[in-house]
There are 2 protein chains.
Amino acid sequence: MTDRAAEHAEVEAVNAAFYEAFECADLDSMQDLWLDHPESLCVHPGALPVRGTGAINRSWALIMANTPYIQFFLTDVEVSVMEDVASVTCTENVLTADDRTGPDSFGGAKAVATNVFVRTSGGWRLWIHHASPVLSVDNHDDA
Amino acid sequence: MTDRAAEHAEVEAVNAAFYEAFECADLDSMQDLWLDHPESLCVHPGALPVRGTGAINRSWALIMANTPYIQFFLTDVEVSVMEDVASVTCTENVLTADDRTGPDSFGGAKAVATNVFVRTSGGWRLWIHHASPVLSVDNHDDA
């Protein structure tokens, strides 16, 4: 494996750990994955930005408390590394259960996420998570 | 002005130039602002990601051709610089006219954007633009 491929694999593993922490409602792991910084940034789908470690942790606690079940199938995972900053974009295919779906059924949704990680002495840490709902299938790729 | 303040002002100016290029439908300026890179990334509101310089340029050409009028009022502009990478997040308060609004009226919308710039020898260049529609006013800030 080349250095570049190893680096990409490392970033992709941290990205996967982020979604696993969400699926397991593991707030400690989620907190550990984030850069502890007042300028860290989190945009949940359809919402305004949440800035800074404290506010971001509270937002995850709230979301996890209100999400009995969530599972992510990531597609189109693309990693890009620029020196000490790495971005991952992916399509989040989400299977979820909440108050609206009821106890015996699931809801599905699709979102696009950009996750930006910073290289630290302790590994890659999440600096920015921006997820947005996909409202249209027109992605301009064939424009 | 401190170095840090000057750097932030520089990034904010490039961010403003991005919205000006869009408002003026100036495709040349828009292209110049982007990093010429196969991993550059653009997520238009509600859409799937567009990757790479060529595809991104085509997406802007298409959007500009279909947007007779657009004006941005940016609020909550926050700049964060990590070495040679800078992020700007802002709320895009958009005033627009298109086929749906008709010739004599305007539409309004609100989106949240994360713009990530890379420092190059020619100045800051846009690596990632991710804009998402704001569907809810619950920003978890007071969670």
# chains A, B, ... in the order shown; residues from 1 in each chain; ligands from 1

$ closest_atom_pairs --of "chain B" --to "chain A" --cutoff "9 Å" --atoms "only C-alpha atoms" --output "Markdown table"
| residue | atom | partner | partner_atom | distance |
| --- | --- | --- | --- | --- |
| B:Glu39 | CA | A:Ser80 | CA | 6.3 |
| B:Ser40 | CA | A:Ser80 | CA | 8.6 |
| B:Leu41 | CA | A:Thr89 | CA | 8.5 |
| B:Val43 | CA | A:Val112 | CA | 8.2 |
| B:His44 | CA | A:Asn139 | CA | 8.5 |
| B:Pro45 | CA | A:Ser132 | CA | 7.7 |
| B:Gly46 | CA | A:Leu135 | CA | 4.6 |
| B:Ala47 | CA | A:Val134 | CA | 5.4 |
| B:Leu48 | CA | A:Asn139 | CA | 4.9 |
| B:Pro49 | CA | A:Asn139 | CA | 6.6 |
| B:Val50 | CA | A:Asp141 | CA | 6.3 |
| B:Arg51 | CA | A:Asp141 | CA | 8.2 |
| B:Ala55 | CA | A:Asp141 | CA | 6.0 |
| B:Ile56 | CA | A:Asp141 | CA | 8.3 |
| B:Arg58 | CA | A:Ala143 | CA | 6.2 |
| B:Ser59 | CA | A:His140 | CA | 5.6 |
| B:Leu62 | CA | A:Ala143 | CA | 7.2 |
| B:Glu78 | CA | A:Glu39 | CA | 8.5 |
| B:Val79 | CA | A:Glu39 | CA | 8.4 |
| B:Ser80 | CA | A:Glu39 | CA | 6.3 |
| B:Met82 | CA | A:Val118 | CA | 8.3 |
| B:Glu83 | CA | A:Asp84 | CA | 8.4 |
| B:Asp84 | CA | A:Glu83 | CA | 8.4 |
| B:Val85 | CA | A:Val85 | CA | 7.3 |
| B:Ser87 | CA | A:Ile128 | CA | 8.9 |
| B:Thr89 | CA | A:Pro49 | CA | 8.0 |
| B:Cys90 | CA | A:Pro49 | CA | 8.5 |
| B:Thr91 | CA | A:Leu48 | CA | 7.9 |
| B:Ala111 | CA | A:Leu48 | CA | 8.4 |
| B:Val112 | CA | A:Leu48 | CA | 6.5 |
| B:Ala113 | CA | A:His130 | CA | 8.7 |
| B:Thr114 | CA | A:His130 | CA | 7.4 |
| B:Val118 | CA | A:Met82 | CA | 8.3 |
| B:Ile128 | CA | A:Thr114 | CA | 8.7 |
| B:His130 | CA | A:Thr114 | CA | 7.4 |
| B:Ala131 | CA | A:Ser132 | CA | 7.8 |
| B:Ser132 | CA | A:Ser132 | CA | 5.3 |
| B:Pro133 | CA | A:Gly46 | CA | 5.8 |
| B:Val134 | CA | A:Gly46 | CA | 4.6 |
| B:Leu135 | CA | A:Gly46 | CA | 4.6 |
| B:Ser136 | CA | A:Ala47 | CA | 5.5 |
| B:Val137 | CA | A:Ala47 | CA | 6.6 |
| B:Asp138 | CA | A:Ala47 | CA | 6.5 |
| B:Asn139 | CA | A:Leu48 | CA | 4.9 |
| B:His140 | CA | A:Ser59 | CA | 5.6 |
| B:Asp141 | CA | A:Ala55 | CA | 6.0 |
| B:Asp142 | CA | A:Ala55 | CA | 7.8 |
| B:Ala143 | CA | A:Arg58 | CA | 6.0 |

$ calpha_fit_and_write --fixed "chain B" --moving "chain A" --output "mmCIF file with C-alpha atoms, in the first residue's frame"
data_model
loop_
_atom_site.group_PDB
_atom_site.id
_atom_site.type_symbol
_atom_site.label_atom_id
_atom_site.label_comp_id
_atom_site.auth_asym_id
_atom_site.auth_seq_id
_atom_site.Cartn_x
_atom_site.Cartn_y
_atom_site.Cartn_z
ATOM 1 C CA MET A 1 -4.268 44.926 12.130
ATOM 2 C CA THR A 2 -2.725 41.695 13.424
ATOM 3 C CA ASP A 3 -1.516 39.009 11.027
ATOM 4 C CA ARG A 4 -4.415 36.834 12.066
ATOM 5 C CA ALA A 5 -6.954 39.587 11.466
ATOM 6 C CA ALA A 6 -5.369 40.385 8.092
ATOM 7 C CA GLU A 7 -5.525 36.715 7.122
ATOM 8 C CA HIS A 8 -9.184 36.496 8.121
ATOM 9 C CA ALA A 9 -9.963 39.661 6.151
ATOM 10 C CA GLU A 10 -8.202 38.171 3.112
ATOM 11 C CA VAL A 11 -10.264 34.978 3.298
ATOM 12 C CA GLU A 12 -13.479 36.929 3.838
ATOM 13 C CA ALA A 13 -12.706 39.039 0.733
ATOM 14 C CA VAL A 14 -12.263 35.933 -1.418
ATOM 15 C CA ASN A 15 -15.504 34.548 -0.008
ATOM 16 C CA ALA A 16 -17.290 37.797 -0.921
ATOM 17 C CA ALA A 17 -15.772 37.649 -4.420
ATOM 18 C CA PHE A 18 -17.292 34.191 -4.848
ATOM 19 C CA TYR A 19 -20.801 35.505 -4.201
ATOM 20 C CA GLU A 20 -20.144 38.569 -6.361
ATOM 21 C CA ALA A 21 -19.108 36.350 -9.285
ATOM 22 C CA PHE A 22 -22.378 34.446 -8.859
ATOM 23 C CA GLU A 23 -24.453 37.649 -8.633
ATOM 24 C CA CYS A 24 -22.808 39.067 -11.763
ATOM 25 C CA ALA A 25 -23.025 35.705 -13.575
ATOM 26 C CA ASP A 26 -19.308 36.156 -14.193
ATOM 27 C CA LEU A 27 -18.231 32.638 -15.109
ATOM 28 C CA ASP A 28 -14.580 33.611 -15.714
ATOM 29 C CA SER A 29 -14.188 35.089 -12.250
ATOM 30 C CA MET A 30 -15.997 32.097 -10.787
ATOM 31 C CA GLN A 31 -13.606 29.684 -12.516
ATOM 32 C CA ASP A 32 -10.571 31.678 -11.357
ATOM 33 C CA LEU A 33 -11.714 31.476 -7.749
ATOM 34 C CA TRP A 34 -11.765 27.683 -7.742
ATOM 35 C CA LEU A 35 -8.825 25.417 -7.171
ATOM 36 C CA ASP A 36 -8.087 23.678 -10.467
ATOM 37 C CA HIS A 37 -8.179 20.152 -9.096
ATOM 38 C CA PRO A 38 -9.979 16.876 -9.823
ATOM 39 C CA GLU A 39 -10.947 16.663 -6.142
ATOM 40 C CA SER A 40 -12.527 20.091 -5.831
ATOM 41 C CA LEU A 41 -16.094 19.712 -4.645
ATOM 42 C CA CYS A 42 -19.329 21.631 -5.031
ATOM 43 C CA VAL A 43 -22.670 20.819 -3.416
ATOM 44 C CA HIS A 44 -25.460 23.078 -4.648
ATOM 45 C CA PRO A 45 -28.478 23.329 -2.299
ATOM 46 C CA GLY A 46 -30.480 20.099 -2.284
ATOM 47 C CA ALA A 47 -28.284 18.479 -4.925
ATOM 48 C CA LEU A 48 -25.768 15.675 -5.093
ATOM 49 C CA PRO A 49 -22.048 16.566 -5.086
ATOM 50 C CA VAL A 50 -20.304 17.780 -8.224
ATOM 51 C CA ARG A 51 -16.608 16.883 -8.295
ATOM 52 C CA GLY A 52 -13.682 18.235 -10.292
ATOM 53 C CA THR A 53 -13.020 21.520 -12.062
ATOM 54 C CA GLY A 54 -14.689 20.652 -15.389
ATOM 55 C CA ALA A 55 -17.952 19.413 -13.906
ATOM 56 C CA ILE A 56 -18.082 22.288 -11.415
ATOM 57 C CA ASN A 57 -17.585 24.901 -14.144
ATOM 58 C CA ARG A 58 -20.360 23.310 -16.192
ATOM 59 C CA SER A 59 -22.680 23.341 -13.180
ATOM 60 C CA TRP A 60 -22.104 27.085 -12.687
ATOM 61 C CA ALA A 61 -22.624 27.805 -16.372
ATOM 62 C CA LEU A 62 -25.959 25.985 -16.181
ATOM 63 C CA ILE A 63 -27.050 27.688 -12.962
ATOM 64 C CA MET A 64 -26.042 31.157 -14.181
ATOM 65 C CA ALA A 65 -27.881 30.607 -17.469
ATOM 66 C CA ASN A 66 -31.035 29.757 -15.511
ATOM 67 C CA THR A 67 -30.829 32.547 -12.938
ATOM 68 C CA PRO A 68 -31.917 35.916 -14.362
ATOM 69 C CA TYR A 69 -31.370 37.610 -11.006
ATOM 70 C CA ILE A 70 -29.785 36.643 -7.709
ATOM 71 C CA GLN A 71 -28.553 38.654 -4.771
ATOM 72 C CA PHE A 72 -26.956 37.425 -1.562
ATOM 73 C CA PHE A 73 -27.096 39.003 1.854
ATOM 74 C CA LEU A 74 -24.587 37.110 3.933
ATOM 75 C CA THR A 75 -25.038 36.885 7.674
ATOM 76 C CA ASP A 76 -23.202 34.972 10.425
ATOM 77 C CA VAL A 77 -19.992 34.972 8.408
ATOM 78 C CA GLU A 78 -17.392 33.040 10.410
ATOM 79 C CA VAL A 79 -13.823 32.486 9.282
ATOM 80 C CA SER A 80 -11.543 29.784 10.621
ATOM 81 C CA VAL A 81 -7.964 29.258 9.462
ATOM 82 C CA MET A 82 -5.962 26.061 10.043
ATOM 83 C CA GLU A 83 -2.503 26.543 8.528
ATOM 84 C CA ASP A 84 -3.029 26.571 4.751
ATOM 85 C CA VAL A 85 -6.711 25.751 4.764
ATOM 86 C CA ALA A 86 -9.459 28.198 5.694
ATOM 87 C CA SER A 87 -13.158 27.673 6.141
ATOM 88 C CA VAL A 88 -15.913 30.219 5.943
ATOM 89 C CA THR A 89 -19.420 29.440 7.026
ATOM 90 C CA CYS A 90 -22.236 31.811 6.421
ATOM 91 C CA THR A 91 -25.963 32.050 6.098
ATOM 92 C CA GLU A 92 -26.925 32.933 2.537
ATOM 93 C CA ASN A 93 -30.055 35.074 2.543
ATOM 94 C CA VAL A 94 -30.996 34.904 -1.096
ATOM 95 C CA LEU A 95 -33.170 37.167 -3.190
ATOM 96 C CA THR A 96 -33.820 35.657 -6.591
ATOM 97 C CA ALA A 97 -35.898 35.852 -9.710
ATOM 98 C CA ASP A 98 -36.432 32.940 -12.053
ATOM 99 C CA ASP A 99 -39.096 31.270 -14.164
ATOM 100 C CA ARG A 100 -41.148 30.447 -11.095
ATOM 101 C CA THR A 101 -41.265 33.970 -9.664
ATOM 102 C CA GLY A 102 -42.120 35.661 -12.951
ATOM 103 C CA PRO A 103 -40.681 38.910 -14.353
ATOM 104 C CA ASP A 104 -41.966 41.300 -11.693
ATOM 105 C CA SER A 105 -41.481 39.503 -8.425
ATOM 106 C CA PHE A 106 -38.780 37.952 -6.295
ATOM 107 C CA GLY A 107 -38.369 34.838 -4.285
ATOM 108 C CA GLY A 108 -36.508 34.564 -1.012
ATOM 109 C CA ALA A 109 -34.662 31.643 0.449
ATOM 110 C CA LYS A 110 -32.156 30.818 3.138
ATOM 111 C CA ALA A 111 -29.207 28.460 2.849
ATOM 112 C CA VAL A 112 -26.174 27.620 4.921
ATOM 113 C CA ALA A 113 -22.814 27.403 3.196
ATOM 114 C CA THR A 114 -19.469 25.989 4.157
ATOM 115 C CA ASN A 115 -16.704 27.240 1.877
ATOM 116 C CA VAL A 116 -13.235 25.750 2.295
ATOM 117 C CA PHE A 117 -10.279 27.561 0.727
ATOM 118 C CA VAL A 118 -6.710 26.399 0.165
ATOM 119 C CA ARG A 119 -3.757 28.801 0.255
ATOM 120 C CA THR A 120 -1.898 28.751 -3.083
ATOM 121 C CA SER A 121 0.905 30.869 -4.519
ATOM 122 C CA GLY A 122 -1.823 32.812 -6.354
ATOM 123 C CA GLY A 123 -3.965 33.367 -3.262
ATOM 124 C CA TRP A 124 -6.796 31.497 -1.582
ATOM 125 C CA ARG A 125 -8.705 29.160 -3.874
ATOM 126 C CA LEU A 126 -12.024 27.424 -3.304
ATOM 127 C CA TRP A 127 -11.609 23.707 -2.651
ATOM 128 C CA ILE A 128 -15.088 22.932 -1.296
ATOM 129 C CA HIS A 129 -18.418 24.741 -1.523
ATOM 130 C CA HIS A 130 -21.275 23.020 0.271
ATOM 131 C CA ALA A 131 -24.581 24.862 0.453
ATOM 132 C CA SER A 132 -27.711 23.425 2.013
ATOM 133 C CA PRO A 133 -31.261 24.677 2.327
ATOM 134 C CA VAL A 134 -32.368 25.709 5.813
ATOM 135 C CA LEU A 135 -35.552 23.783 6.503
ATOM 136 C CA SER A 136 -35.802 24.428 10.204
ATOM 137 C CA VAL A 137 -34.986 27.320 12.479
ATOM 138 C CA ASP A 138 -34.016 24.950 15.297
ATOM 139 C CA ASN A 139 -30.253 25.264 15.323
ATOM 140 C CA HIS A 140 -29.688 23.401 18.607
ATOM 141 C CA ASP A 141 -27.629 26.336 19.893
ATOM 142 C CA ASP A 142 -29.653 26.543 23.042
ATOM 143 C CA ALA A 143 -30.034 22.772 23.435
#

$ select_by_dssp --residues "chain A" --states "alpha helix (DSSP H)" --output "PyMOL selection string"
chain A and resi 3-23+27-33+53-65

$ select_by_dssp --residues "stretch 11-123 of chain A" --states "strand (DSSP E)" --output "ChimeraX atom specification"
/A:41-43,50-51,69-82,85-97,107-120,123
